[in-house]
Amino acid sequence: MGKKYKNLIDKIVDIDNIRNAYLKAVRGGNRYTIGHLKFKENLEANLYNLQQSLINGSYTHGSYHTFLVHEPKERLIKSLPFKDRVVQHAINNILEPIFEKVFYSFSFACRKTKGTHNGVKMTQSKIRHLEKHGAVYYLKMDFSKYFHSINRGVLFNGIENKISDPKVLTLLKKFGDEKGVGIPIGNLLSQLFANVYGHIFDRFIKTKLKARHYFRYMDDTVILSNCKDELIRYQRQLEIFSRLFMKLKFSKWFINSMAKPLNFLGYRINASYKLIRKDSVVRAKRKIKKYIALNEIAKLNKFLASWSGHLRSADSHNLIRFINKEMNYARASI
């Protein structure tokens with residue numbers, strides 16, 4: 001991984017960095033939470049106390065608030081108090097740019113200028129390119145319980161390839177499961193940890209397998225090829241590598257031709273079109289009808305705003321027509 005970075009703790013605890021981290025934590029949707037409002041009452045004193053606890057090593061994070069979300073599948077989310085989100089932003093401000101320099105361009109999760117829409121666009125573009133040379137096949141792989149299965153020993157070996165500041169490493173190790181396996185879903189740093197872990201997989205694919213047409217969004221991975229046998233060989237090697245070196249296993253994997261559109265990043269993709277996945281459409285329609293039935297127009301508008309990018313990135317004429325019809329009905333009923 002090349003250059004290692006030392007003496008990073010001074011940058012993390014710099015008061016200007018902590019103030020910047022505070023502003024990011026507020027922008028992250030915490031403006032009106034009780035935790036933020038209490039923290040804001042004595043803002044400068046609280047920022048100073050955070051800084052001092054990080055400098056002298058006494059910092060420990062608060063208790064997690066845990067809750068379940070059920071879409072698209074059930075997940076246990078762990079949320080830390082507001083002050084701890086400030087600390088995580090302060091750490092991330094310094095470490096994220098370091099790791100961004102080594103992450104590959106085909107990794108799309110939780111990264112600036114990346115995201116699902118760019119991932120879909122690049123994947124479809126590669127499918128179109130490969131179709132000029134014959135039939136196109138894809139190897140689709142998903143890791144089983146990715147966040148909960150991350151081995152912290154393997155993770156920190158990856159982190160220590162770039163970070164050699166012992167105080168920073170000690171601080172990082174405070175965020176996660178003390179049992180040595182798993183990182184909490186919902187932490188800002190967990191996103192960075194998960195990408196560092198995924199980079200181990202990326203590096204093996206690019207430097208050892210030398211697969212050219214590979215895309216990943218967190219634990220959701222795809223390799224494209226004109227040769228089905230090549231994908232079969234890749235799958236066997238990746239299953240062994242993941243189990244032995246990453247302590248992970250696949251929840252599912254399969255190889256198909258593009259005669260069956262690729263399900264990736266919430267879309268069904270082939271060379272000619274990209275459609276929003278059927279289960280996503282069903283959930284969206286249910287939400288829209290529920291908000292209309294309950295006359296919760298503000299929630300409906302918020303949901304549609306979040307979905308607008310999803311719709312614009314897909315061939316969604318029928319869905320847009322359905323939404324417009326329901327909206328017109330709702331307006332007429334008010």
# chains A, B, ... in the order shown; residues from 1 in each chain; ligands from 1
call {"tool": "residues_around", "arguments": {"residues": "segment 3-16 of chain A", "least_positions_apart": "3", "cutoff": "9 Å", "atoms": "only C-alpha atoms", "output": "number ranges by chain"}}
result
A: 19-21, 47-48, 50-52, 54-55, 87, 90-95, 98, 160-168
call {"tool": "select_by_dssp", "arguments": {"residues": "segment 207-298 of chain A", "states": "helix (DSSP H, G or I)", "output": "PyMOL selection string"}}
result
chain A and resi 207-209+228-246+278-293+297-298
call {"tool": "write_last_selection", "arguments": {"atoms": "C-alpha atoms", "output": "compact mmCIF listing (two decimals), in the first residue's frame"}}
result
# COMPACT_ATOMS: atom_id res chain seq x y z
CA THR A 207 -3.58 -8.03 -8.86
CA LYS A 208 -3.92 -11.82 -8.57
CA LEU A 209 -6.93 -12.77 -10.69
CA LYS A 228 -18.32 -18.23 -18.73
CA ASP A 229 -15.51 -20.65 -17.85
CA GLU A 230 -13.36 -17.72 -16.76
CA LEU A 231 -16.05 -16.67 -14.27
CA ILE A 232 -16.35 -20.22 -12.93
CA ARG A 233 -12.61 -20.22 -12.27
CA TYR A 234 -12.79 -16.79 -10.60
CA GLN A 235 -15.60 -17.92 -8.31
CA ARG A 236 -13.68 -20.95 -7.06
CA GLN A 237 -10.59 -18.88 -6.29
CA LEU A 238 -12.56 -16.08 -4.64
CA GLU A 239 -14.48 -18.48 -2.41
CA ILE A 240 -11.20 -19.94 -1.10
CA PHE A 241 -9.54 -16.53 -0.70
CA SER A 242 -12.54 -15.04 1.13
CA ARG A 243 -12.84 -17.95 3.53
CA LEU A 244 -9.12 -18.30 4.34
CA PHE A 245 -7.85 -14.71 4.24
CA MET A 246 -10.91 -12.54 4.94
CA LYS A 278 -39.41 -5.15 -8.88
CA ASP A 279 -39.28 -5.50 -5.09
CA SER A 280 -38.19 -1.84 -4.80
CA VAL A 281 -41.09 -0.76 -7.01
CA VAL A 282 -43.57 -2.78 -4.91
CA ARG A 283 -42.29 -1.17 -1.69
CA ALA A 284 -42.39 2.30 -3.23
CA LYS A 285 -45.98 1.88 -4.44
CA ARG A 286 -47.05 0.66 -1.01
CA LYS A 287 -45.48 3.69 0.66
CA ILE A 288 -47.04 6.12 -1.81
CA LYS A 289 -50.52 4.61 -1.33
CA LYS A 290 -50.09 4.60 2.47
CA TYR A 291 -49.07 8.26 2.61
CA ILE A 292 -51.95 9.24 0.35
CA ALA A 293 -54.48 7.19 2.36
CA ILE A 297 -48.51 14.76 1.93
CA ALA A 298 -45.34 16.15 3.56
call {"tool": "residues_around", "arguments": {"residues": "Pro261 of chain A", "least_positions_apart": "5", "cutoff": "7 Å", "atoms": "only C-alpha atoms", "output": "list of chain:residue names"}}
result
A:Arg268, A:Ile269, A:Asn270
call {"tool": "residues_around", "arguments": {"residues": "segment 140-151 of chain A", "least_positions_apart": "5", "cutoff": "6 Å", "atoms": "only C-alpha atoms", "output": "PyMOL selection string"}}
result
chain A and resi 181-183+219-222+249-254
call {"tool": "write_last_selection", "arguments": {"atoms": "N, CA, C and O atoms", "output": "PDB file, in the first residue's frame"}}
result
ATOM      1  N   VAL A 181     -15.038  -9.680  16.222  1.00  0.00           N
ATOM      2  CA  VAL A 181     -15.718  -9.900  14.951  1.00  0.00           C
ATOM      3  C   VAL A 181     -16.882  -8.929  14.843  1.00  0.00           C
ATOM      4  O   VAL A 181     -17.674  -8.801  15.768  1.00  0.00           O
ATOM      5  N   GLY A 182     -16.973  -8.243  13.707  1.00  0.00           N
ATOM      6  CA  GLY A 182     -18.115  -7.390  13.437  1.00  0.00           C
ATOM      7  C   GLY A 182     -17.864  -5.921  13.708  1.00  0.00           C
ATOM      8  O   GLY A 182     -17.075  -5.548  14.581  1.00  0.00           O
ATOM      9  N   ILE A 183     -18.522  -5.087  12.924  1.00  0.00           N
ATOM     10  CA  ILE A 183     -18.536  -3.641  13.132  1.00  0.00           C
ATOM     11  C   ILE A 183     -19.993  -3.190  13.075  1.00  0.00           C
ATOM     12  O   ILE A 183     -20.795  -3.761  12.334  1.00  0.00           O
ATOM     13  N   ASP A 219     -20.745  -4.966  -0.031  1.00  0.00           N
ATOM     14  CA  ASP A 219     -20.607  -6.420  -0.114  1.00  0.00           C
ATOM     15  C   ASP A 219     -21.244  -6.999  -1.377  1.00  0.00           C
ATOM     16  O   ASP A 219     -21.295  -8.215  -1.551  1.00  0.00           O
ATOM     17  N   ASP A 220     -21.713  -6.142  -2.242  1.00  0.00           N
ATOM     18  CA  ASP A 220     -22.402  -6.541  -3.477  1.00  0.00           C
ATOM     19  C   ASP A 220     -21.406  -6.431  -4.637  1.00  0.00           C
ATOM     20  O   ASP A 220     -20.962  -5.328  -4.967  1.00  0.00           O
ATOM     21  N   THR A 221     -21.012  -7.558  -5.240  1.00  0.00           N
ATOM     22  CA  THR A 221     -19.939  -7.556  -6.230  1.00  0.00           C
ATOM     23  C   THR A 221     -20.356  -8.230  -7.530  1.00  0.00           C
ATOM     24  O   THR A 221     -21.161  -9.167  -7.532  1.00  0.00           O
ATOM     25  N   VAL A 222     -19.763  -7.754  -8.634  1.00  0.00           N
ATOM     26  CA  VAL A 222     -20.054  -8.282  -9.970  1.00  0.00           C
ATOM     27  C   VAL A 222     -18.769  -8.324 -10.787  1.00  0.00           C
ATOM     28  O   VAL A 222     -17.972  -7.376 -10.751  1.00  0.00           O
ATOM     29  N   LYS A 249     -17.751 -15.603   4.051  1.00  0.00           N
ATOM     30  CA  LYS A 249     -18.305 -16.549   3.092  1.00  0.00           C
ATOM     31  C   LYS A 249     -19.418 -15.861   2.310  1.00  0.00           C
ATOM     32  O   LYS A 249     -19.997 -14.859   2.774  1.00  0.00           O
ATOM     33  N   PHE A 250     -19.716 -16.386   1.138  1.00  0.00           N
ATOM     34  CA  PHE A 250     -20.768 -15.820   0.312  1.00  0.00           C
ATOM     35  C   PHE A 250     -22.136 -16.315   0.794  1.00  0.00           C
ATOM     36  O   PHE A 250     -22.309 -17.497   1.080  1.00  0.00           O
ATOM     37  N   SER A 251     -23.089 -15.399   0.872  1.00  0.00           N
ATOM     38  CA  SER A 251     -24.465 -15.813   1.160  1.00  0.00           C
ATOM     39  C   SER A 251     -25.082 -16.421  -0.086  1.00  0.00           C
ATOM     40  O   SER A 251     -25.892 -17.337  -0.008  1.00  0.00           O
ATOM     41  N   LYS A 252     -24.686 -15.903  -1.243  1.00  0.00           N
ATOM     42  CA  LYS A 252     -25.121 -16.474  -2.519  1.00  0.00           C
ATOM     43  C   LYS A 252     -24.175 -16.009  -3.614  1.00  0.00           C
ATOM     44  O   LYS A 252     -23.512 -14.981  -3.498  1.00  0.00           O
ATOM     45  N   TRP A 253     -24.121 -16.805  -4.662  1.00  0.00           N
ATOM     46  CA  TRP A 253     -23.391 -16.434  -5.861  1.00  0.00           C
ATOM     47  C   TRP A 253     -24.013 -17.183  -7.034  1.00  0.00           C
ATOM     48  O   TRP A 253     -24.596 -18.254  -6.868  1.00  0.00           O
ATOM     49  N   PHE A 254     -23.917 -16.605  -8.223  1.00  0.00           N
ATOM     50  CA  PHE A 254     -24.429 -17.288  -9.410  1.00  0.00           C
ATOM     51  C   PHE A 254     -23.815 -16.671 -10.655  1.00  0.00           C
ATOM     52  O   PHE A 254     -23.333 -15.525 -10.639  1.00  0.00           O
TER      53      PHE A 254
END
call {"tool": "atom_distance", "arguments": {"atom1": "atom CA of Glu41 of chain A", "atom2": "atom CA of Thr60 of chain A"}}
result
21.5 Å
